[in-house]
$ cat my_file_37.cif   # mmCIF, C-alpha atoms and all ligand atoms
data_entry
loop_
_atom_site.label_atom_id
_atom_site.label_comp_id
_atom_site.auth_asym_id
_atom_site.auth_seq_id
_atom_site.Cartn_x
_atom_site.Cartn_y
_atom_site.Cartn_z
CA MET G 1 70.73 75.90 108.98
CA THR G 2 68.37 78.76 109.76
CA ASP G 3 69.10 78.52 113.45
CA ARG G 4 72.84 78.63 112.90
CA LEU G 5 72.42 81.66 110.63
CA ARG G 6 70.33 83.44 113.17
CA ALA G 7 72.92 82.82 115.79
CA THR G 8 75.64 84.54 113.77
CA GLY G 9 73.97 87.93 114.09
CA ARG G 10 73.51 91.20 112.42
CA GLU G 11 74.07 90.61 108.69
CA LEU G 12 71.46 87.87 108.84
CA ARG G 13 68.79 90.27 109.95
CA ALA G 14 69.68 92.61 107.09
CA PRO G 15 68.20 90.71 104.13
CA SER G 16 64.65 91.94 103.64
CA PHE G 17 61.89 90.02 101.93
CA ALA G 18 63.04 91.70 98.73
CA VAL G 19 66.36 89.83 98.80
CA SER G 20 66.33 86.80 96.59
CA ALA G 21 66.72 83.34 97.97
CA ALA G 22 70.01 83.02 96.05
CA ALA G 23 71.48 86.10 97.74
CA ALA G 24 70.40 84.79 101.12
CA ALA G 25 72.13 81.51 100.34
CA CYS G 26 75.34 83.43 99.54
CA VAL G 27 75.20 85.16 102.89
CA ALA G 28 74.62 81.82 104.52
CA VAL G 29 77.66 80.26 102.86
CA ALA G 30 79.85 83.24 103.78
CA ALA G 31 78.70 83.11 107.39
CA LEU G 32 79.38 79.40 107.59
CA SER G 33 82.88 79.64 106.14
CA ALA G 34 83.68 82.42 108.59
CA ALA G 35 82.54 80.13 111.38
CA THR G 36 84.65 77.24 110.02
CA ALA G 37 87.70 79.48 109.73
CA ALA G 38 87.26 80.61 113.32
CA GLN G 39 87.11 76.97 114.42
CA ALA G 40 90.11 75.98 112.30
CA ALA G 41 92.19 78.72 113.91
CA GLU G 42 92.09 76.71 117.14
CA GLU G 43 93.50 73.54 115.62
CA LEU G 44 96.72 72.35 114.22
CA THR G 45 98.06 69.20 112.62
CA LEU G 46 101.40 67.81 113.71
CA TYR G 47 103.25 65.28 111.58
CA THR G 48 105.86 63.54 113.68
CA THR G 49 108.36 60.73 113.25
CA ARG G 50 108.86 60.66 117.03
CA GLU G 51 107.10 57.98 119.04
CA PRO G 52 103.71 59.42 120.03
CA ALA G 53 104.24 58.35 123.66
CA LEU G 54 107.37 60.51 123.86
CA ILE G 55 105.73 63.71 122.76
CA GLN G 56 102.17 63.28 124.03
CA PRO G 57 102.80 64.86 127.46
CA LEU G 58 104.20 67.94 125.69
CA ILE G 59 101.27 68.16 123.29
CA SER G 60 98.72 67.77 126.09
CA ALA G 61 100.38 70.56 128.07
CA PHE G 62 100.30 72.80 124.98
CA SER G 63 96.61 72.15 124.32
CA ALA G 64 95.68 72.77 127.95
CA GLN G 65 97.48 76.10 127.92
CA SER G 66 96.64 77.39 124.44
CA LYS G 67 93.24 75.76 123.83
CA VAL G 68 94.60 74.75 120.44
CA GLU G 69 93.59 71.22 119.57
CA VAL G 70 96.46 69.22 118.13
CA LYS G 71 95.88 66.41 115.68
CA THR G 72 98.98 64.23 115.86
CA VAL G 73 99.85 62.11 112.84
CA PHE G 74 102.63 59.59 113.48
CA VAL G 75 104.63 59.16 110.27
CA LYS G 76 107.16 56.42 110.90
CA ASP G 77 108.88 56.56 107.51
CA GLY G 78 108.80 58.81 104.48
CA LEU G 79 107.78 62.11 106.11
CA LEU G 80 109.26 64.20 103.28
CA GLU G 81 107.72 62.04 100.55
CA ARG G 82 104.30 62.22 102.18
CA VAL G 83 104.26 66.00 102.61
CA LYS G 84 105.61 66.43 99.07
CA ALA G 85 102.89 64.20 97.65
CA GLU G 86 100.19 66.10 99.53
CA GLY G 87 101.52 69.37 98.12
CA ALA G 88 99.57 72.58 98.72
CA ARG G 89 96.65 70.57 100.13
CA SER G 90 98.74 69.07 102.94
CA PRO G 91 97.01 69.47 106.32
CA ALA G 92 100.40 69.44 108.09
CA ASP G 93 101.23 72.56 110.11
CA VAL G 94 104.28 71.34 112.05
CA LEU G 95 106.81 68.74 110.92
CA MET G 96 108.71 67.14 113.79
CA THR G 97 111.59 64.69 113.52
CA VAL G 98 115.00 63.74 114.89
CA ASP G 99 118.45 64.23 113.37
CA VAL G 100 119.59 67.42 111.74
CA GLY G 101 119.96 65.55 108.44
CA ASN G 102 116.25 64.77 108.38
CA LEU G 103 115.39 68.41 109.11
CA LEU G 104 117.67 69.62 106.34
CA ASP G 105 116.11 67.10 103.95
CA LEU G 106 112.72 68.71 104.68
CA VAL G 107 114.12 72.18 104.00
CA GLU G 108 115.90 71.08 100.81
CA GLY G 109 112.76 69.21 99.76
CA GLY G 110 110.88 72.52 99.83
CA VAL G 111 108.22 71.53 102.37
CA THR G 112 109.10 74.06 105.11
CA GLN G 113 108.65 77.82 105.45
CA PRO G 114 110.79 80.46 107.17
CA VAL G 115 109.63 81.60 110.59
CA GLN G 116 110.57 84.76 112.42
CA SER G 117 110.03 84.57 116.15
CA ALA G 118 111.89 86.45 118.86
CA ALA G 119 110.88 83.75 121.37
CA LEU G 120 112.44 80.99 119.27
CA GLU G 121 115.54 83.02 118.47
CA SER G 122 116.24 83.88 122.09
CA ALA G 123 115.59 80.36 123.43
CA ILE G 124 117.55 78.37 120.82
CA PRO G 125 121.28 78.99 120.29
CA ALA G 126 122.13 80.02 116.72
CA ASN G 127 124.08 76.82 115.96
CA LEU G 128 120.92 74.80 116.73
CA ARG G 129 118.53 76.36 114.22
CA GLY G 130 118.40 77.19 110.52
CA ALA G 131 119.70 80.68 109.75
CA ASP G 132 116.41 81.65 108.12
CA GLY G 133 114.08 80.02 110.65
CA GLN G 134 113.38 77.04 108.38
CA TRP G 135 114.00 74.59 111.25
CA PHE G 136 114.55 74.66 115.00
CA ALA G 137 116.15 72.25 117.45
CA LEU G 138 113.88 71.44 120.39
CA SER G 139 116.10 69.07 122.37
CA MET G 140 119.60 67.62 122.23
CA ARG G 141 121.19 64.24 122.66
CA ALA G 142 124.92 63.69 123.05
CA ARG G 143 126.89 60.83 121.45
CA VAL G 144 128.72 59.65 124.54
CA LEU G 145 131.11 56.89 125.61
CA TYR G 146 129.65 53.96 127.51
CA ALA G 147 132.46 52.23 129.44
CA ASP G 148 132.66 49.25 131.76
CA LYS G 149 132.21 50.89 135.11
CA GLY G 150 135.33 49.17 136.45
CA LEU G 151 137.60 50.83 133.87
CA PRO G 152 139.91 53.55 135.21
CA ILE G 153 138.96 56.05 132.50
CA THR G 154 137.96 59.64 133.14
CA ASN G 155 138.27 61.39 129.78
CA PHE G 156 138.08 60.36 126.18
CA ARG G 157 138.43 61.84 122.71
CA TYR G 158 136.41 60.45 119.79
CA GLU G 159 139.71 59.90 118.00
CA ASP G 160 140.80 57.52 120.80
CA LEU G 161 138.25 54.95 119.66
CA ALA G 162 140.71 54.00 116.88
CA ASP G 163 143.63 53.55 119.31
CA PRO G 164 144.99 49.96 118.94
CA LYS G 165 144.95 49.63 122.71
CA TRP G 166 141.17 49.06 122.38
CA LYS G 167 141.60 46.16 119.93
CA GLY G 168 138.72 43.72 120.29
CA LYS G 169 137.08 45.88 122.96
CA VAL G 170 134.77 48.24 121.05
CA CYS G 171 131.03 47.80 120.42
CA ILE G 172 128.95 50.16 118.27
CA ARG G 173 125.85 50.04 116.08
CA ALA G 174 126.02 50.22 112.26
CA GLY G 175 128.15 52.97 110.79
CA GLN G 176 125.36 53.74 108.34
CA HIS G 177 122.89 54.53 111.12
CA PRO G 178 122.15 58.29 111.12
CA TYR G 179 123.50 58.60 114.70
CA ASN G 180 126.88 57.41 113.48
CA THR G 181 126.97 59.08 110.07
CA ALA G 182 126.35 62.38 111.86
CA LEU G 183 129.28 61.65 114.16
CA VAL G 184 131.52 60.65 111.23
CA ALA G 185 130.45 63.86 109.46
CA SER G 186 131.53 65.86 112.51
CA LEU G 187 134.90 64.08 112.50
CA ILE G 188 135.33 65.03 108.82
CA ALA G 189 134.52 68.64 109.78
CA HIS G 190 137.12 68.56 112.58
CA ASP G 191 139.89 66.35 111.22
CA GLY G 192 139.38 66.18 107.43
CA GLU G 193 138.40 63.27 105.23
CA ALA G 194 141.73 61.42 105.10
CA LYS G 195 142.12 61.28 108.87
CA THR G 196 138.50 60.27 109.30
CA GLU G 197 138.95 57.39 106.88
CA GLN G 198 141.94 56.24 108.93
CA TRP G 199 139.84 56.58 112.06
CA LEU G 200 137.06 54.45 110.63
CA ARG G 201 139.55 51.75 109.66
CA GLY G 202 141.05 51.88 113.16
CA VAL G 203 137.66 51.61 114.87
CA LYS G 204 136.68 48.76 112.58
CA ALA G 205 139.89 46.94 113.54
CA ASN G 206 138.99 47.43 117.23
CA LEU G 207 135.46 46.03 116.99
CA ALA G 208 134.60 43.20 119.38
CA ARG G 209 131.67 42.27 117.17
CA LYS G 210 130.01 43.36 113.95
CA ALA G 211 128.76 46.97 113.96
CA THR G 212 125.07 46.28 114.39
CA GLY G 213 122.14 46.35 116.82
CA GLY G 214 121.04 49.38 118.79
CA ASP G 215 122.64 51.82 121.21
CA ARG G 216 121.46 49.94 124.31
CA ASP G 217 123.19 46.82 123.01
CA VAL G 218 126.50 48.54 123.72
CA ALA G 219 125.63 48.51 127.46
CA ARG G 220 124.24 44.97 127.16
CA ASP G 221 127.47 43.73 125.58
CA ILE G 222 129.62 45.52 128.14
CA LEU G 223 127.69 43.67 130.85
CA GLY G 224 128.11 40.46 128.85
CA GLY G 225 131.90 40.92 128.77
CA ILE G 226 131.95 41.15 124.95
CA CYS G 227 133.38 44.67 124.93
CA ASP G 228 134.70 47.37 127.26
CA ILE G 229 133.64 50.60 125.54
CA GLY G 230 131.36 51.97 122.83
CA LEU G 231 129.54 55.07 121.62
CA ALA G 232 125.81 55.56 122.09
CA ASN G 233 123.21 58.26 122.75
CA SER G 234 122.85 59.92 126.12
CA TYR G 235 119.09 59.49 126.67
CA TYR G 236 119.33 55.69 126.67
CA VAL G 237 121.38 56.01 129.85
CA GLY G 238 118.40 57.65 131.56
CA GLN G 239 116.02 55.02 130.16
CA MET G 240 118.18 52.10 131.32
CA LYS G 241 119.18 53.45 134.71
CA SER G 242 115.59 54.36 135.56
CA SER G 243 114.22 50.94 134.54
CA LYS G 244 112.76 48.71 137.21
CA GLU G 245 115.24 46.98 139.49
CA GLY G 246 115.86 43.43 138.23
CA THR G 247 115.03 44.10 134.56
CA ASP G 248 117.60 43.53 131.82
CA ALA G 249 117.61 47.21 130.89
CA ARG G 250 118.43 48.18 134.49
CA LYS G 251 121.28 45.63 134.62
CA TRP G 252 122.74 47.01 131.38
CA GLY G 253 122.46 50.57 132.66
CA ASP G 254 124.07 49.67 135.96
CA ALA G 255 127.03 48.00 134.21
CA ILE G 256 128.28 51.20 132.61
CA LYS G 257 129.68 54.59 133.39
CA VAL G 258 129.43 57.41 130.91
CA ILE G 259 131.98 59.92 129.62
CA ARG G 260 131.36 62.94 127.40
CA PRO G 261 133.99 62.65 124.64
CA THR G 262 135.65 65.66 123.03
CA PHE G 263 137.50 66.20 119.74
CA ALA G 264 141.32 66.03 119.65
CA ASN G 265 141.81 69.26 117.72
CA SER G 266 139.17 71.29 119.50
CA LYS G 267 140.04 73.74 122.24
CA SER G 268 136.40 74.05 123.22
CA GLY G 269 136.19 70.59 124.75
CA GLY G 270 132.72 70.20 123.26
CA THR G 271 130.86 66.94 122.68
CA HIS G 272 129.05 65.87 119.50
CA VAL G 273 125.32 66.34 119.77
CA ASN G 274 122.37 65.66 117.54
CA ILE G 275 118.90 67.04 117.95
CA SER G 276 115.22 66.54 117.80
CA GLY G 277 113.56 69.45 116.06
CA ALA G 278 110.70 70.82 114.03
CA ALA G 279 109.77 73.09 111.16
CA VAL G 280 106.61 74.90 110.09
CA ALA G 281 105.20 73.23 106.97
CA LYS G 282 105.21 75.28 103.79
CA SER G 283 101.45 74.96 103.25
CA ALA G 284 100.49 75.11 106.94
CA PRO G 285 96.77 75.96 107.11
CA ASN G 286 97.29 77.11 110.72
CA GLN G 287 100.60 78.89 110.48
CA ALA G 288 100.11 81.08 113.56
CA ASN G 289 99.22 78.09 115.74
CA ALA G 290 102.21 76.20 114.35
CA VAL G 291 104.54 78.97 115.53
CA LYS G 292 102.70 78.99 118.87
CA LEU G 293 103.43 75.29 119.31
CA LEU G 294 107.13 75.71 118.54
CA GLU G 295 107.34 78.64 120.97
CA PHE G 296 105.64 76.54 123.62
CA LEU G 297 108.06 73.66 123.04
CA VAL G 298 111.05 75.85 123.91
CA SER G 299 109.35 77.44 126.91
CA GLU G 300 110.68 76.61 130.36
CA PRO G 301 107.97 74.06 131.34
CA ALA G 302 108.14 72.21 128.01
CA GLN G 303 111.93 72.09 128.06
CA SER G 304 111.73 70.69 131.55
CA LEU G 305 109.38 67.98 130.26
CA TYR G 306 111.84 67.11 127.48
CA ALA G 307 114.51 66.71 130.13
CA GLN G 308 112.42 64.67 132.51
CA ALA G 309 110.19 62.55 130.30
CA ASN G 310 112.71 61.78 127.58
CA TYR G 311 116.10 62.21 129.33
CA GLU G 312 117.10 64.69 126.64
CA TYR G 313 119.15 67.83 127.01
CA PRO G 314 117.12 71.04 126.86
CA VAL G 315 118.12 73.57 124.18
CA ARG G 316 117.08 76.40 126.49
CA LYS G 317 119.65 77.55 129.01
CA GLY G 318 118.94 77.25 132.72
CA VAL G 319 116.52 74.31 132.53
CA ALA G 320 117.31 71.56 135.06
CA LEU G 321 118.46 68.19 133.73
CA ASP G 322 116.82 64.95 134.69
CA PRO G 323 118.58 63.90 137.94
CA ILE G 324 119.89 60.61 136.46
CA ILE G 325 121.35 62.42 133.45
CA GLY G 326 122.76 65.10 135.75
CA GLN G 327 124.49 62.54 137.97
CA THR G 328 125.76 60.08 135.36
CA ILE G 329 126.59 62.37 132.43
CA GLY G 330 126.38 65.92 133.73
CA GLU G 331 126.02 69.31 132.10
CA LEU G 332 126.69 69.21 128.39
CA LYS G 333 129.35 71.24 126.68
CA VAL G 334 128.26 71.27 123.05
CA ASP G 335 130.73 71.14 120.18
CA PRO G 336 130.45 74.70 118.83
CA LEU G 337 130.64 73.72 115.14
CA PRO G 338 127.21 74.57 113.69
CA LEU G 339 125.11 71.53 112.89
CA THR G 340 124.51 72.85 109.39
CA GLU G 341 128.29 72.84 108.84
CA ILE G 342 128.57 69.25 110.09
CA ALA G 343 125.56 68.13 108.04
CA LYS G 344 127.31 69.19 104.83
CA TYR G 345 129.55 66.14 105.23
CA ARG G 346 126.90 63.52 105.87
CA LYS G 347 126.94 62.09 102.31
CA GLN G 348 130.74 61.98 102.39
CA ALA G 349 130.52 60.25 105.77
CA SER G 350 128.17 57.60 104.42
CA VAL G 351 130.46 56.97 101.44
CA LEU G 352 133.46 56.55 103.76
CA VAL G 353 131.59 54.08 105.99
CA ASP G 354 130.95 51.93 102.91
CA LYS G 355 134.44 52.44 101.54
CA VAL G 356 136.09 50.93 104.63
CA GLY G 357 133.44 48.18 104.86
CA PHE G 358 132.60 49.29 108.39
CA ASP G 359 129.32 47.39 108.60
CA LYS G 360 130.51 44.20 106.89
FE FE Q 1 117.34 56.59 119.57
#

$ encode --input "my_file_37.cif" --output "structure tokens"
Amino acid sequence: MTDRLRATGRELRAPSFAVSAAAAACVAVAALSAATAAQAAEELTLYTTREPALIQPLISAFSAQSKVEVKTVFVKDGLLERVKAEGARSPADVLMTVDVGNLLDLVEGGVTQPVQSAALESAIPANLRGADGQWFALSMRARVLYADKGLPITNFRYEDLADPKWKGKVCIRAGQHPYNTALVASLIAHDGEAKTEQWLRGVKANLARKATGGDRDVARDILGGICDIGLANSYYVGQMKSSKEGTDARKWGDAIKVIRPTFANSKSGGTHVNISGAAVAKSAPNQANAVKLLEFLVSEPAQSLYAQANYEYPVRKGVALDPIIGQTIGELKVDPLPLTEIAKYRKQASVLVDKVGFDK
């Protein structure tokens, strides 16, 4: 201990022989906590529900650039409950998850804090972040149409999925999955509840099989001749089409073409997107580093990594898409309705899905 004290400098030379041992001990404790605080300033703890493999390249790039060491804690389920239970003693600095609903749950659960950052505000469009800086989108994924590549179809509206001409030809995962409840919520925002209920009944009547499985199963079942069309997320297209030649995933990806749907009533021609995003934790012990990480994640190089490693759409303008996404789906025109507006309807959406027995 003496050596460490000596190393910290001037105040340690000050105590004379007249200073009591107790006073010297106080100085020692103060010096040590200053040293610990200095060390802690170069760390941060990230709680994430995203697969560690997906975000590790981003985190490594951040640490290399900032010299901030990131402790990543993968929280598969119950992120909000965990941070709530930890309370003011939570080590979490950044909370990262997917789906705007999950981000809003964190805000409403009181485990986030507002952040003001010119870098975040200029990089992220206003409809992709909380008005008070309580959450920020870091990447986007579009809910797109997978179609048998032989089908002569060039444009599509979400409402068309209920058209009886697709009877027995539609595949989709469970209506209660967050990817679909967010879409149903956006239909309520565009078309109202009554029309959306009709739509759900129409889509249900068109199903080729039970609404179940995952997004990639839509491509699998198109290849298998079970269905012709279905809705699924955009990044799976990149994953499947970049899979090794001869693998199942590659065959599924090669069986489909992709169309960016729009909404019938919308002049904008925008497509429904959801996000991955993050918030600074309310009790963040390393608040400044937490903001630094978020700012890094929307910087040009990090946004490029999101595009290339994960086949996601960057939130920052002017960042190149992954070539496969660029060729098969193309530049994204985002539905301009704010995500917070859409998210207001997610409970209603979930109730409607049950009401029409969509998943039965
Ligand atoms: Fe997914």

$ closest_atom_pairs --input "my_file_37.cif" --of "region 243-314 of chain G" --to "region 181-186 of chain G" --cutoff "10 Å" --atoms "all atoms listed in the file" --output "Markdown table"
| residue | atom | partner | partner_atom | distance |
| --- | --- | --- | --- | --- |
| G:Phe263 | CA | G:Ser186 | CA | 9.4 |
| G:His272 | CA | G:Leu183 | CA | 6.8 |
| G:Val273 | CA | G:Leu183 | CA | 8.3 |
| G:Asn274 | CA | G:Ala182 | CA | 7.7 |

$ atom_distance --input "my_file_37.cif" --atom1 "CA of Phe156 (chain G)" --atom2 "CA of Thr262 (chain G)"
6.6 Å

$ atom_distance --input "my_file_37.cif" --atom1 "CA of Ala208 (chain G)" --atom2 "CA of Asp228 (chain G)"
8.9 Å

$ residues_near_ligand --input "my_file_37.cif" --ligand "ligand FE 1 (chain Q)" --cutoff "9 Å" --atoms "all atoms listed in the file" --output "list in words"
Val98, Tyr179, Gly214, Asp215, Ala232, Asn233, Tyr235 and Tyr236 of chain G

$ atom_distance --input "my_file_37.cif" --atom1 "CA of Gly224 (chain G)" --atom2 "CA of Ala205 (chain G)"
20.4 Å

$ residues_around --input "my_file_37.cif" --residues "region 159-166 of chain G" --least-positions-apart "6" --cutoff "7 Å" --atoms "all atoms listed in the file" --output "ChimeraX atom specification"
/G:199,202-203,206,263-264

$ residues_around --input "my_file_37.cif" --residues "Ala278 (chain G)" --least-positions-apart "6" --cutoff "10 Å" --atoms "only C-alpha atoms" --output "PyMOL selection string"
chain G and resi 46-48+94-98+100+102-103+106+112+129+134-138+294+297

$ closest_residue --input "my_file_37.cif" --among "G:Asn127, G:Thr45, G:Ser266, G:Ser90" --to "Leu339 (chain G)" --atoms "only C-alpha atoms"
G:Asn127

$ residues_near_point --input "my_file_37.cif" --point "(103.4, 78.8, 113.9)" --cutoff "12 Å" --atoms "only C-alpha atoms" --output "ChimeraX atom specification"
/G:41-46,68,92-95,112-117,119-120,133-136,278-297

$ closest_residue --input "my_file_37.cif" --among "G:Ala249, G:Ala349, G:Leu128, G:Cys227" --to "Ile172 (chain G)" --atoms "all atoms listed in the file"
G:Cys227

$ axis_aligned_box --input "my_file_37.cif" --around "region 98-113 of chain G" --padding-each-side "3 Å" --output "lines of an AutoDock Vina configuration file"
center_x = 114.1
center_y = 70.8
center_z = 107.3
size_x = 17.7
size_y = 20.1
size_z = 21.1

$ closest_atom_pairs --input "my_file_37.cif" --of "region 133-190 of chain G" --to "region 321-332 of chain G" --cutoff "10 Å" --atoms "all atoms listed in the file" --output "CSV"
residue,atom,partner,partner_atom,distance
G:Met140,CA,G:Leu332,CA,9.5
G:Arg141,CA,G:Leu332,CA,9.4
G:Ala142,CA,G:Leu332,CA,7.9
G:Val144,CA,G:Ile329,CA,8.6
G:Leu145,CA,G:Ile329,CA,9.8

$ closest_residue --input "my_file_37.cif" --among "G:Val353, G:Met240, G:Ala255, G:Cys171" --to "Asn310 (chain G)" --atoms "only C-alpha atoms"
G:Met240

$ closest_residue --input "my_file_37.cif" --among "G:Val356, G:Ser66, G:Leu223, G:Lys149" --to "Asp248 (chain G)" --atoms "all atoms listed in the file"
G:Leu223

$ residues_around --input "my_file_37.cif" --residues "Lys333 (chain G)" --least-positions-apart "4" --cutoff "8 Å" --atoms "only C-alpha atoms" --output "PyMOL selection string"
chain G and resi 269-271
